[in-house]
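Colleague: Below is the structure I would like to discuss, written out as structure tokens.
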Amino acid sequence: MVEASRRALEAELPEAEATVAAAFQRDGAVIPFQFAGRPARLYRGAGKRALDLVLGALLFAAFLPAMALVAAGVLITSGWPVLYASERVGRDGEAIMVWKFRTMVRDADHVLLAWLESRPELAAEYAETFKLIDDPRVTTFGRFLRKSSLDELPQLWNVLRGDMSLVGPRPERPVFIEEFRREIPGYMLRHKVKAGLTGWAQIHGWRGNTSLHERLEHDMHYIQNWSLGFDLRILLLTLWRGWRNRNAY
């Protein structure tokens, strides 16, 4: 029944929204997703890209002084390079290079290997989650940038380029994608739209306090209901919560 509904929606909806009414499995239960309503045709097409260009350019200009200060802070505290590009998975599984201010020491990969070789407990933690809660590679200034999310500001350039949107599911690292695809049938449905600078899942918390399935449910809710009003609401909540600094996202 779910499969039949999915095929019917695929025939009706444009490619960017196709297949998102499928199901994914959680704890042995199949959870179907149905569209609550169709976004306006204009916004679904050119409108969202227009918002990204206009608002993205305004935000880029507004945050340019802050980005200059952050760049100077990185340069003074840990040297060159100031920016860091990381491969992520975007829309339809396409590889994109996402820009951030560098928050780790230079030659971070070698530093990590040295720590993992000397600290078996860290090696076990990293093997399970591909990250470390107390990551020795992160600089003091980098911790501040991550907590305030200022390290993400260069991704406004990704938005202007068209690699990302202001709002959408966050891009994931390829190593996580392979794991998630095996664990959750239909996981790639979240990649049917452009990755976002922020999203509905980020409004509800970041990886430290939400599970993979919770984030996926929030992402799927967004994909089912995205609209101009919903996007603006998410952007305003992101700015508000970032200013209050309640979540490090």
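Labeling convention for the structure tokens: chains A, B, ... as they appear, residues from 1 per chain, ligands from 1 in order of appearance.
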For Leu166 of chain A, please output as a list in words all residues within 6 Å (counting only C-alpha atoms; exclusion window: fewer than 6 positions along the same chain).
Modeller: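 Listing them by chain and then by number gives Asp52, Gly196 and Leu197 of chain A.
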Colleague: For Ala71 of chain A, find every residue with an atom within 10 Å (counting only C-alpha atoms), except residues of its own chain fewer than 2 positions away, and show them as a list in words.
Modeller: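 Here the qualifying residues turn out to be Pro65, Ala66, Met67, Ala68, Leu69, Gly73, Val74, Leu75, Ile76, Gly79, Trp80, Pro81, Val82, Leu83, Phe101, Arg102 and Asp151 of chain A.
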Colleague: Could you state the separation of atom CA of Ala72 of chain A and atom CA of Ile96 of chain A in Å, given to one decimal place?
Modeller: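 One can read the atom CA of Ala72 of chain A to atom CA of Ile96 of chain A distance as 26.2 Å.
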Colleague: Excluding Tyr43 of chain A and any residue of its chain fewer than 6 positions from it, enumerate the residues within 12 Å of it, using only C-alpha atoms, and give them as an MDAnalysis selection string.
Modeller: chainID A and resid 49:52 226:231
Colleague: Using only C-alpha atoms, determine which residues lie at most 7 Å from segment 212-221 of chain A, disregarding the query and same-chain residues fewer than 2 positions distant; provide the list as a ChimeraX atom specification.
Modeller: /A:169,190,200-201,210,223-225
